[in-house]
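What follows is the content of protein_9.cif (mmCIF, C-alpha atoms).
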```cif
data_query
loop_
_atom_site.label_atom_id
_atom_site.label_comp_id
_atom_site.auth_asym_id
_atom_site.auth_seq_id
_atom_site.Cartn_x
_atom_site.Cartn_y
_atom_site.Cartn_z
CA MET S 27 42.50 0.65 -14.95
CA VAL S 28 43.33 -2.95 -14.05
CA ILE S 29 40.68 -2.94 -11.32
CA ALA S 30 38.10 -1.48 -13.70
CA CYS S 31 38.87 -4.11 -16.34
CA ALA S 32 38.61 -6.88 -13.75
CA ALA S 33 35.20 -5.61 -12.68
CA VAL S 34 33.99 -5.56 -16.28
CA VAL S 35 35.27 -9.10 -16.85
CA ALA S 36 33.59 -10.33 -13.66
CA ALA S 37 30.30 -8.73 -14.63
CA SER S 38 30.49 -10.19 -18.12
CA THR S 39 31.25 -13.63 -16.73
CA ALA S 40 28.28 -13.43 -14.35
CA VAL S 41 25.94 -12.51 -17.19
CA ALA S 42 27.30 -15.32 -19.37
CA GLU S 43 26.90 -17.89 -16.58
CA SER S 44 23.36 -16.74 -15.88
CA GLN S 45 22.41 -17.75 -19.42
CA PHE S 46 23.06 -21.37 -18.47
CA TYR S 47 21.43 -21.11 -15.04
CA PRO S 48 20.93 -23.42 -13.29
CA SER S 49 23.66 -25.86 -14.26
CA HIS S 50 23.67 -27.76 -10.95
CA ALA S 51 21.67 -28.16 -7.75
CA ILE S 52 20.46 -25.10 -5.82
CA THR S 53 20.57 -24.86 -2.03
CA MET S 54 17.54 -23.29 -0.37
CA ILE S 55 18.26 -22.51 3.26
CA VAL S 56 15.37 -22.64 5.70
CA PRO S 57 16.29 -20.74 8.89
CA PHE S 58 14.22 -22.97 11.17
CA ALA S 59 13.88 -26.62 12.11
CA ALA S 60 12.49 -29.21 9.73
CA GLY S 61 8.76 -29.74 10.04
CA GLY S 62 7.90 -26.14 10.92
CA PRO S 63 5.71 -23.87 8.79
CA THR S 64 8.55 -22.20 6.87
CA ASP S 65 10.09 -25.58 6.15
CA VAL S 66 6.80 -27.11 4.99
CA VAL S 67 5.95 -24.24 2.62
CA SER S 68 9.52 -24.20 1.27
CA ARG S 69 9.50 -27.91 0.49
CA ILE S 70 6.11 -27.86 -1.21
CA VAL S 71 7.05 -24.97 -3.51
CA ALA S 72 10.69 -26.02 -4.05
CA GLU S 73 9.62 -29.46 -5.27
CA HIS S 74 7.76 -27.94 -8.21
CA MET S 75 10.35 -25.20 -8.77
CA ALA S 76 12.97 -27.90 -9.27
CA LYS S 77 10.90 -29.42 -12.05
CA ALA S 78 10.54 -26.05 -13.77
CA LEU S 79 14.27 -25.26 -13.46
CA GLY S 80 15.51 -28.73 -14.37
CA GLN S 81 17.77 -29.01 -11.32
CA ASP S 82 17.37 -30.27 -7.76
CA ILE S 83 16.68 -27.80 -4.96
CA VAL S 84 18.22 -29.03 -1.72
CA ILE S 85 16.64 -27.80 1.51
CA ASP S 86 19.16 -27.01 4.26
CA ASN S 87 17.75 -26.28 7.73
CA ILE S 88 20.01 -23.96 9.73
CA VAL S 89 18.54 -22.91 13.07
CA GLY S 90 19.33 -20.29 15.68
CA ALA S 91 18.69 -16.71 16.81
CA GLY S 92 15.20 -16.46 15.38
CA GLY S 93 16.42 -17.30 11.90
CA THR S 94 19.03 -14.54 11.78
CA ILE S 95 22.07 -16.86 11.81
CA ALA S 96 21.04 -18.52 8.57
CA THR S 97 19.89 -15.24 7.05
CA THR S 98 23.26 -13.64 7.77
CA ARG S 99 24.99 -16.57 6.11
CA VAL S 100 22.95 -16.14 2.94
CA ALA S 101 23.54 -12.38 2.90
CA ARG S 102 27.28 -13.16 2.74
CA ALA S 103 26.98 -16.03 0.23
CA ALA S 104 28.05 -15.95 -3.40
CA ASN S 105 25.53 -14.09 -5.53
CA ASP S 106 25.40 -16.76 -8.24
CA GLY S 107 21.85 -17.98 -7.66
CA TYR S 108 22.85 -21.26 -6.04
CA THR S 109 22.24 -20.19 -2.44
CA LEU S 110 18.76 -18.92 -1.54
CA ILE S 111 16.81 -18.43 1.66
CA THR S 112 13.16 -18.64 2.61
CA GLY S 113 12.71 -15.54 4.72
CA HIS S 114 9.60 -14.32 6.48
CA MET S 115 8.03 -11.59 8.58
CA GLY S 116 10.58 -12.22 11.34
CA THR S 117 13.87 -12.52 9.49
CA HIS S 118 13.08 -9.74 7.02
CA GLY S 119 11.02 -7.38 9.15
CA ALA S 120 10.76 -7.77 12.89
CA ALA S 121 14.42 -8.72 13.32
CA VAL S 122 15.42 -5.10 12.67
CA PRO S 123 14.05 -3.67 15.94
CA LEU S 124 14.66 -6.87 17.90
CA TYR S 125 18.36 -7.19 17.07
CA PRO S 126 20.13 -3.81 17.40
CA ASN S 127 23.35 -5.36 16.04
CA LEU S 128 21.74 -7.28 13.21
CA ALA S 129 24.47 -8.28 10.75
CA TYR S 130 22.36 -7.73 7.63
CA ARG S 131 19.86 -5.25 6.25
CA PRO S 132 16.70 -7.00 5.02
CA ASP S 133 15.89 -4.22 2.55
CA ALA S 134 19.42 -3.76 1.18
CA ASP S 135 21.45 -6.99 1.40
CA PHE S 136 19.18 -9.27 -0.63
CA GLU S 137 17.57 -9.55 -4.02
CA PRO S 138 13.86 -10.29 -3.50
CA VAL S 139 12.70 -13.21 -5.64
CA ALA S 140 9.04 -13.92 -4.88
CA LEU S 141 6.40 -14.22 -2.19
CA LEU S 142 5.39 -17.85 -1.63
CA ALA S 143 2.43 -17.77 0.73
CA GLY S 144 0.67 -15.88 3.44
CA THR S 145 0.14 -17.72 6.71
CA PRO S 146 -2.43 -16.34 9.18
CA ILE S 147 -1.64 -16.60 12.88
CA VAL S 148 -3.72 -18.80 15.19
CA ILE S 149 -3.85 -18.56 18.99
CA VAL S 150 -3.51 -22.10 20.35
CA ALA S 151 -3.01 -23.68 23.77
CA ARG S 152 -2.48 -27.06 25.39
CA LYS S 153 -5.60 -29.19 25.08
CA ASP S 154 -6.37 -29.04 28.81
CA PHE S 155 -5.98 -25.26 29.08
CA PRO S 156 -8.79 -24.05 31.41
CA ALA S 157 -10.66 -21.88 28.87
CA ASN S 158 -13.25 -22.70 26.21
CA ASP S 159 -13.23 -19.52 24.11
CA LEU S 160 -11.01 -16.52 23.47
CA GLN S 161 -12.60 -14.28 26.10
CA GLN S 162 -12.10 -16.94 28.78
CA PHE S 163 -8.54 -17.46 27.51
CA VAL S 164 -7.74 -13.74 27.78
CA ALA S 165 -9.27 -13.52 31.27
CA TYR S 166 -7.21 -16.50 32.43
CA LEU S 167 -4.00 -15.03 30.97
CA LYS S 168 -4.53 -11.75 32.78
CA ALA S 169 -5.32 -13.46 36.09
CA ASN S 170 -2.49 -16.00 35.97
CA THR S 171 0.31 -14.36 33.97
CA ALA S 172 3.00 -15.06 36.55
CA THR S 173 2.51 -18.81 36.30
CA LEU S 174 2.05 -19.14 32.55
CA ASN S 175 4.54 -19.64 29.72
CA VAL S 176 4.38 -18.97 26.00
CA ALA S 177 6.48 -20.84 23.43
CA HIS S 178 8.28 -19.31 20.47
CA ALA S 179 10.98 -20.19 17.92
CA GLY S 180 13.52 -17.63 19.10
CA VAL S 181 13.68 -13.84 19.28
CA GLY S 182 12.59 -12.43 15.94
CA SER S 183 10.69 -15.51 14.81
CA VAL S 184 7.08 -15.21 13.67
CA SER S 185 5.84 -16.99 16.78
CA HIS S 186 7.84 -14.65 19.01
CA VAL S 187 6.74 -11.50 17.21
CA SER S 188 3.09 -12.57 17.19
CA GLY S 189 3.24 -13.51 20.86
CA GLU S 190 4.83 -10.17 21.72
CA LEU S 191 2.04 -8.35 19.92
CA LEU S 192 -0.64 -10.32 21.77
CA ASN S 193 1.06 -9.82 25.12
CA SER S 194 1.41 -6.10 24.39
CA ILE S 195 -2.29 -5.76 23.55
CA LEU S 196 -3.23 -7.61 26.74
CA ASN S 197 -0.53 -5.85 28.81
CA ILE S 198 0.85 -9.09 30.22
CA LYS S 199 4.36 -10.55 30.58
CA PRO S 200 4.31 -14.35 30.76
CA THR S 201 7.52 -16.40 30.70
CA GLY S 202 8.80 -16.93 27.15
CA VAL S 203 10.21 -20.36 26.31
CA PRO S 204 12.37 -20.41 23.14
CA PHE S 205 12.78 -23.41 20.83
CA ASN S 206 14.83 -23.96 17.68
CA GLY S 207 11.68 -23.77 15.57
CA THR S 208 7.95 -24.05 15.98
CA ALA S 209 7.98 -27.75 15.09
CA PRO S 210 9.63 -28.63 18.44
CA ALA S 211 7.55 -25.94 20.15
CA MET S 212 4.40 -27.57 18.82
CA LYS S 213 5.52 -30.96 20.12
CA ALA S 214 5.98 -29.45 23.56
CA LEU S 215 2.56 -27.81 23.38
CA ALA S 216 0.87 -31.06 22.33
CA ALA S 217 2.62 -32.79 25.23
CA GLY S 218 1.23 -30.22 27.65
CA GLN S 219 4.67 -28.85 28.54
CA ILE S 220 3.84 -25.34 27.27
CA ASP S 221 0.73 -23.27 27.99
CA TYR S 222 0.13 -21.42 24.71
CA LEU S 223 1.56 -20.33 21.39
CA CYS S 224 0.79 -17.91 18.56
CA ASP S 225 1.72 -19.82 15.44
CA GLN S 226 1.29 -19.90 11.69
CA ILE S 227 -1.74 -21.80 10.49
CA VAL S 228 0.43 -24.20 8.46
CA ASN S 229 1.85 -25.58 11.69
CA VAL S 230 -1.36 -25.92 13.67
CA VAL S 231 -3.99 -27.41 11.34
CA PRO S 232 -2.90 -31.07 11.78
CA GLN S 233 -2.69 -30.75 15.57
CA ILE S 234 -6.02 -28.96 15.89
CA ASN S 235 -7.75 -31.53 13.71
CA ALA S 236 -6.17 -34.32 15.75
CA GLY S 237 -7.40 -32.76 18.99
CA THR S 238 -3.94 -32.57 20.56
CA ILE S 239 -4.14 -28.79 21.07
CA LYS S 240 -6.91 -26.23 21.54
CA ALA S 241 -7.54 -23.31 19.12
CA PHE S 242 -9.14 -20.04 20.26
CA ALA S 243 -9.04 -17.69 17.26
CA ILE S 244 -7.37 -16.85 13.96
CA ALA S 245 -5.88 -13.35 13.60
CA ALA S 246 -7.34 -12.68 10.16
CA PRO S 247 -10.28 -10.68 8.76
CA GLU S 248 -12.10 -13.86 7.69
CA ARG S 249 -12.30 -17.47 8.79
CA ASN S 250 -9.98 -19.86 7.02
CA PRO S 251 -11.37 -22.80 4.99
CA ALA S 252 -8.77 -25.09 6.57
CA LEU S 253 -10.18 -24.29 10.04
CA PRO S 254 -13.80 -23.28 9.42
CA GLU S 255 -14.85 -23.76 13.04
CA VAL S 256 -12.18 -21.42 14.45
CA PRO S 257 -13.51 -17.84 14.80
CA THR S 258 -11.58 -14.74 13.82
CA THR S 259 -10.17 -12.60 16.60
CA ALA S 260 -12.75 -9.93 15.73
CA GLU S 261 -15.59 -12.42 16.08
CA ALA S 262 -14.16 -13.72 19.34
CA GLY S 263 -13.77 -10.29 20.95
CA LEU S 264 -10.13 -9.28 20.30
CA PRO S 265 -10.19 -7.29 17.00
CA ALA S 266 -6.90 -5.50 17.78
CA PHE S 267 -4.94 -8.73 17.28
CA GLN S 268 -4.60 -8.93 13.49
CA VAL S 269 -1.42 -10.44 12.07
CA GLN S 270 -0.51 -12.56 9.06
CA ALA S 271 2.92 -14.01 8.49
CA TRP S 272 4.40 -14.84 5.10
CA ASN S 273 7.20 -16.80 3.47
CA ALA S 274 9.27 -15.60 0.53
CA ILE S 275 12.47 -16.41 -1.34
CA PHE S 276 15.49 -14.11 -1.31
CA ALA S 277 18.92 -14.28 -2.97
CA PRO S 278 22.15 -12.49 -1.99
CA LYS S 279 22.50 -8.91 -3.17
CA GLY S 280 23.93 -8.64 -6.66
CA THR S 281 22.50 -11.88 -8.00
CA PRO S 282 22.11 -11.24 -11.76
CA ALA S 283 18.70 -10.10 -12.95
CA PRO S 284 18.29 -13.01 -15.41
CA ILE S 285 18.71 -15.48 -12.52
CA ILE S 286 16.18 -13.62 -10.37
CA ALA S 287 13.78 -13.68 -13.32
CA ALA S 288 14.25 -17.44 -13.80
CA LEU S 289 13.63 -18.12 -10.11
CA ASN S 290 10.60 -15.84 -10.02
CA ALA S 291 9.13 -17.60 -13.05
CA ALA S 292 9.68 -20.97 -11.39
CA VAL S 293 7.83 -19.77 -8.28
CA GLY S 294 4.98 -18.57 -10.48
CA LYS S 295 4.70 -21.95 -12.18
CA ALA S 296 4.67 -23.67 -8.80
CA LEU S 297 1.94 -21.45 -7.36
CA ASP S 298 -0.17 -21.88 -10.49
CA ASP S 299 0.08 -25.68 -10.29
CA ASP S 300 -3.13 -27.28 -9.01
CA GLU S 301 -1.35 -29.85 -6.84
CA VAL S 302 0.84 -27.24 -5.17
CA ARG S 303 -2.11 -24.92 -4.61
CA ASN S 304 -4.22 -27.69 -3.11
CA ARG S 305 -1.45 -28.72 -0.72
CA LEU S 306 -0.92 -25.14 0.44
CA LEU S 307 -4.63 -24.38 0.74
CA ALA S 308 -5.21 -27.55 2.77
CA LEU S 309 -2.76 -26.15 5.32
CA GLY S 310 -4.54 -22.81 5.43
CA SER S 311 -2.02 -20.83 3.38
CA VAL S 312 -3.07 -17.74 1.46
CA ILE S 313 -1.67 -17.98 -2.08
CA PRO S 314 -0.50 -14.65 -3.56
CA GLY S 315 -1.74 -13.55 -6.96
CA PRO S 316 0.63 -12.68 -9.85
CA ALA S 317 0.89 -9.00 -8.87
CA GLU S 318 1.97 -9.96 -5.34
CA ARG S 319 4.69 -12.34 -6.55
CA THR S 320 6.96 -9.82 -8.26
CA PRO S 321 10.36 -8.92 -6.76
CA GLU S 322 9.21 -5.31 -6.55
CA ALA S 323 6.11 -6.25 -4.56
CA LEU S 324 8.23 -8.35 -2.19
CA MET S 325 10.65 -5.50 -1.57
CA ALA S 326 7.71 -3.20 -0.79
CA LEU S 327 6.40 -5.82 1.65
CA VAL S 328 9.76 -6.04 3.43
CA ARG S 329 10.00 -2.28 3.82
CA GLY S 330 6.43 -2.14 5.07
CA GLU S 331 7.07 -4.87 7.65
CA ILE S 332 10.14 -3.07 9.01
CA ALA S 333 8.10 0.12 9.36
CA LYS S 334 5.22 -1.78 10.97
CA TRP S 335 7.14 -3.75 13.58
CA THR S 336 9.80 -1.22 14.61
CA PRO S 337 7.49 0.86 16.86
CA VAL S 338 5.77 -2.27 18.21
CA LEU S 339 8.89 -4.29 19.07
CA GLY S 340 11.58 -1.70 19.62
CA HIS S 341 11.61 -2.51 23.34
CA ALA S 342 11.70 -6.28 23.05
CA GLY S 343 15.32 -6.71 22.00
CA LYS S 344 16.65 -4.56 24.84
#
```

If you convert what's in this file into structure tokens, what do you get?
Amino acid sequence: MVIACAAVVAASTAVAESQFYPSHAITMIVPFAAGGPTDVVSRIVAEHMAKALGQDIVIDNIVGAGGTIATTRVARAANDGYTLITGHMGTHGAAVPLYPNLAYRPDADFEPVALLAGTPIVIVARKDFPANDLQQFVAYLKANTATLNVAHAGVGSVSHVSGELLNSILNIKPTGVPFNGTAPAMKALAAGQIDYLCDQIVNVVPQINAGTIKAFAIAAPERNPALPEVPTTAEAGLPAFQVQAWNAIFAPKGTPAPIIAALNAAVGKALDDDEVRNRLLALGSVIPGPAERTPEALMALVRGEIAKWTPVLGHAGK
């Protein structure tokens, strides 16, 4: 009886506190290095969310293990709405088959808040890579696999998962070089220290436009306005390589529904703001419509990603 009463009191307290949410700053954990695509999207959206909520949102970059270290921390955090995480295709999908001992369940240990943006994948290489189009690139990879390396942001990251898919389609096994995020990976690529990378469009547009790296194709059904000269993989001769990453906000399981609703509404206001939209679109992001931003839609996306990547990547974590 005492335990039951305590549970009722705790639940009542949580509901009462949610009525005054947020009463202080919120921490949004980004599971990768500052300057990478997940970090950039998080900061753009969080800035406007903070205005809508009336409290600061502090970005905390916690790197390691393809984003799973930070994601595990948030899964175990207090479910009071003051600790959130920007997850993505890797942390909340591909990590399941890649990490057999994963310490969290993406579809059970979090409350989905809202999808922030879709981010198509672009195949890029060092600027002096000896190929001028995707077909030449593929031919060179197949002929020189043993001497080539591919960068990624750790096992389970979007760049790793996308690279694994490409390598699987081409039946090649180049040397993988992990970084603590795609921001440092991109620096290495621009410096010519890495041969190629499959990365989110948000991270590659500035470098492509500056001419510091070479782009071969975008893994999307249509060309992207941010990179109009870059052909789709279908146009360039590799239609099997189709992959789009995404970023979304999650809270620990059990976070009260009124708090989830307040956060979801703040995301909606941010994505409907012209300045936010323009900043995201300039980076090549795909902005989700209202129906795609609901917690229910996000949960369906997570479950779909787990089902999609498990048969593709089940071998990679072994």

Residues matched by the PyMOL selection byres ((chain S and resi 134-151) around 7) as JSON, numbers by chain: {"S": [101, 130, 131, 132, 133, 152, 153, 155, 215, 221, 222, 223, 224, 225, 226, 227, 228, 239, 240, 241, 242, 243, 244, 245, 246, 269, 270, 271, 272, 273, 274, 275, 276, 277, 278, 279, 280, 281, 286, 289, 290, 293, 311, 312, 313, 314, 318, 319, 320, 321, 324, 325]}

Expansion of the PyMOL selection byres ((chain S and resi 88) around 12) into residues, as a ChimeraX atom specification: /S:53-60,64-65,85-87,89-100,111-112,206-207

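The shortest atom-to-atom distance to Leu160 (chain S), with all atoms listed in the file taken into account, belongs to S:Pro257 out of S:Pro257, S:Pro284, S:Gly182, S:Gly202.
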
Interatomic distance (Å, one decimal) between CA of Ala104 (chain S) and CA of Ala287 (chain S):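 Pair CA of Ala104 (chain S) / CA of Ala287 (chain S) returns 17.5 Å.
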
Gln81 (chain S) surroundings by only C-alpha atoms, 7 Å radius, close-in-sequence under 4 positions cut, as a PyMOL selection string: chain S and resi 48+50-51+76-77

Residue IDs satisfying the PyMOL selection byres ((chain S and resi 175) around 9), as a list in words: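 Checking the PyMOL selection byres ((chain S and resi 175) around 9) against this file, the residues are Thr171, Ala172, Thr173, Leu174, Val176, Ala177, Pro200, Thr201, Gly202, Val203, Ile220, Asp221, Tyr222 and Leu223 of chain S.
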
Separation of CA of Pro251 (chain S) from CA of His114 (chain S), in Å and rounded to one decimal: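 A separation of 22.7 Å between them.
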
Point-to-point distance in Å for CA of Val122 (chain S) and CA of Ile332 (chain S):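 Interatomic distance, CA of Ile332 (chain S) to CA of Val122 (chain S): 6.7 Å.
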
Closest of S:Ile83, S:Ile195, S:Ala288, S:Ala120 to Tyr47 (chain S) - atom-to-atom distances counting all atoms listed in the file: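 The closest residue to Tyr47 (chain S) is S:Ala288.
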
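Minimum distance to Ala291 (chain S) across S:Met75, S:Val67, S:Leu124, S:Leu309 (counting all atoms listed in the file) occurs at S:Met75.
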
Residue neighbourhood Pro123 (chain S), 12 Å, only C-alpha atoms, exclusion window fewer than 6 positions, as an MDAnalysis selection string: chainID S and resid 116:117 131:132 181:182 187 331:344

Would you mind exporting the chosen residues as a compact mmCIF listing (two decimals), in the frame of the given file, restricted to C-alpha atoms?
```txt
# COMPACT_ATOMS: atom_id res chain seq x y z
CA GLY S 116 10.58 -12.22 11.34
CA THR S 117 13.87 -12.52 9.49
CA ARG S 131 19.86 -5.25 6.25
CA PRO S 132 16.70 -7.00 5.02
CA VAL S 181 13.68 -13.84 19.28
CA GLY S 182 12.59 -12.43 15.94
CA VAL S 187 6.74 -11.50 17.21
CA GLU S 331 7.07 -4.87 7.65
CA ILE S 332 10.14 -3.07 9.01
CA ALA S 333 8.10 0.12 9.36
CA LYS S 334 5.22 -1.78 10.97
CA TRP S 335 7.14 -3.75 13.58
CA THR S 336 9.80 -1.22 14.61
CA PRO S 337 7.49 0.86 16.86
CA VAL S 338 5.77 -2.27 18.21
CA LEU S 339 8.89 -4.29 19.07
CA GLY S 340 11.58 -1.70 19.62
CA HIS S 341 11.61 -2.51 23.34
CA ALA S 342 11.70 -6.28 23.05
CA GLY S 343 15.32 -6.71 22.00
CA LYS S 344 16.65 -4.56 24.84
```
